[in-house]
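Q: Got a structure for you, questions after.
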Amino acid sequence: MMLSPDQAETDLSWTQSDSETMLNGFKSTGCTSDEPAEGEERAKCKADPPLSREEKRRRRRATAKYRSAHATRERIRVEAFNVAFAELRKLLPTLPPDKKLSKIEILRLAICYISYLNHVLDV
């Protein structure tokens with residue numbers, strides 16, 4: 001909001017008393033402070049609009065319990081992924097046989113090996 005040169009700041013509606021009036025209005029409609037006392041949960045405000053599905057998801061994902069469970073699931077997924085690569089690596093012939101290969105090298109070598117085996121079967 002822009003002020004014209006002849007408009008005084010006292011004409012603005014953003015004064016201390018107005019914010020106190022709004023806060024008192026919220027309390028009278030059943031809203032409580034954003035910071036609950038110990039052992040209490042934040043009471044729902046009657047004036048609060050219902051949360052959207054995305055906002056509910058965001059709030060649920062922000063909990064420590066959810067993050068911990070997600071980290072555990074991700075760890076298990078990555079471990080299974082690495083085991084699958086290790087098993088594929090054992091099936092591929094390389095010189096030397098114990099040579100360490102990256103995941104992309106394992107995939108490329110598997111593609112070449114499958115092509116070679118197809119060629120051998122066709123001949």
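As shown in the structure tokens, the chain order sets the letters A, B, ...; within each chain, residues go from 1, and ligands are also counted from 1 in the order they appear.
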Skipping near chain neighbours, those fewer than 4 positions away, what residues fall within 12 Å of segment 96-111 of chain A using only C-alpha atoms, listed as a compact mmCIF listing (two decimals) with C-alpha atoms, in the first residue's frame?
A:
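The new file result15.txt reads:
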```txt
# COMPACT_ATOMS: atom_id res chain seq x y z
CA PHE A 81 19.83 -52.31 -5.10
CA ASN A 82 23.50 -52.87 -4.25
CA VAL A 83 22.95 -56.61 -3.66
CA ALA A 84 21.34 -56.89 -7.11
CA PHE A 85 24.35 -55.18 -8.71
CA ALA A 86 26.72 -57.50 -6.81
CA GLU A 87 24.85 -60.57 -8.09
CA LEU A 88 24.89 -59.25 -11.65
CA ARG A 89 28.60 -58.49 -11.32
CA LYS A 90 29.32 -62.12 -10.35
CA LEU A 91 27.77 -63.31 -13.63
CA LEU A 92 29.93 -61.12 -15.86
CA SER A 115 24.65 -59.22 -27.09
CA TYR A 116 27.63 -61.60 -27.32
CA LEU A 117 25.56 -64.52 -26.00
CA ASN A 118 22.79 -63.76 -28.51
```
Q: What's the separation between atom CA of Arg58 of chain A and atom CA of Arg75 of chain A, in Å to one decimal place?
A: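 So the answer is 21.7 Å.
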Q: Just list as a ChimeraX atom specification whatever in segment 42-121 of chain A DSSP marks as helix (DSSP H, G or I).
A: /A:53-61,64-91,103-121
Q: Write the residues of the selection above to a file with C-alpha atoms, as a tab-separated table (two decimals), in the first residue's frame.
A:
```tsv
chain	number	residue	atom	x	y	z
A	53	ARG	CA	-4.33	-32.81	1.08
A	54	GLU	CA	-0.87	-31.43	0.26
A	55	GLU	CA	-0.66	-29.50	3.54
A	56	LYS	CA	-1.68	-32.59	5.52
A	57	ARG	CA	1.00	-34.60	3.70
A	58	ARG	CA	3.60	-31.90	4.35
A	59	ARG	CA	2.81	-31.82	8.06
A	60	ARG	CA	2.83	-35.61	8.37
A	61	ARG	CA	6.20	-35.82	6.61
A	64	ALA	CA	10.55	-37.25	13.33
A	65	LYS	CA	8.79	-40.63	13.32
A	66	TYR	CA	7.97	-40.33	9.60
A	67	ARG	CA	11.51	-39.21	8.71
A	68	SER	CA	13.01	-42.09	10.65
A	69	ALA	CA	10.73	-44.63	8.96
A	70	HIS	CA	11.47	-43.12	5.56
A	71	ALA	CA	15.23	-43.26	6.18
A	72	THR	CA	14.92	-46.94	7.17
A	73	ARG	CA	12.92	-47.77	4.03
A	74	GLU	CA	15.44	-45.92	1.86
A	75	ARG	CA	18.37	-47.73	3.49
A	76	ILE	CA	16.72	-51.10	2.80
A	77	ARG	CA	15.98	-50.09	-0.80
A	78	VAL	CA	19.57	-49.00	-1.46
A	79	GLU	CA	20.92	-52.16	0.15
A	80	ALA	CA	18.72	-54.35	-2.08
A	81	PHE	CA	19.83	-52.31	-5.10
A	82	ASN	CA	23.50	-52.87	-4.25
A	83	VAL	CA	22.95	-56.61	-3.66
A	84	ALA	CA	21.34	-56.89	-7.11
A	85	PHE	CA	24.35	-55.18	-8.71
A	86	ALA	CA	26.72	-57.50	-6.81
A	87	GLU	CA	24.85	-60.57	-8.09
A	88	LEU	CA	24.89	-59.25	-11.65
A	89	ARG	CA	28.60	-58.49	-11.32
A	90	LYS	CA	29.32	-62.12	-10.35
A	91	LEU	CA	27.77	-63.31	-13.63
A	103	LYS	CA	27.39	-49.52	-11.54
A	104	ILE	CA	27.37	-47.99	-15.01
A	105	GLU	CA	30.29	-50.22	-16.02
A	106	ILE	CA	28.41	-53.27	-14.76
A	107	LEU	CA	25.34	-52.31	-16.80
A	108	ARG	CA	27.35	-51.64	-19.96
A	109	LEU	CA	29.28	-54.87	-19.57
A	110	ALA	CA	26.01	-56.79	-19.04
A	111	ILE	CA	24.58	-55.31	-22.25
A	112	CYS	CA	27.68	-56.32	-24.20
A	113	TYR	CA	27.71	-59.79	-22.68
A	114	ILE	CA	24.02	-60.36	-23.50
A	115	SER	CA	24.65	-59.22	-27.09
A	116	TYR	CA	27.63	-61.60	-27.32
A	117	LEU	CA	25.56	-64.52	-26.00
A	118	ASN	CA	22.79	-63.76	-28.51
A	119	HIS	CA	25.38	-63.68	-31.31
A	120	VAL	CA	26.78	-67.06	-30.16
A	121	LEU	CA	23.29	-68.59	-30.15
```
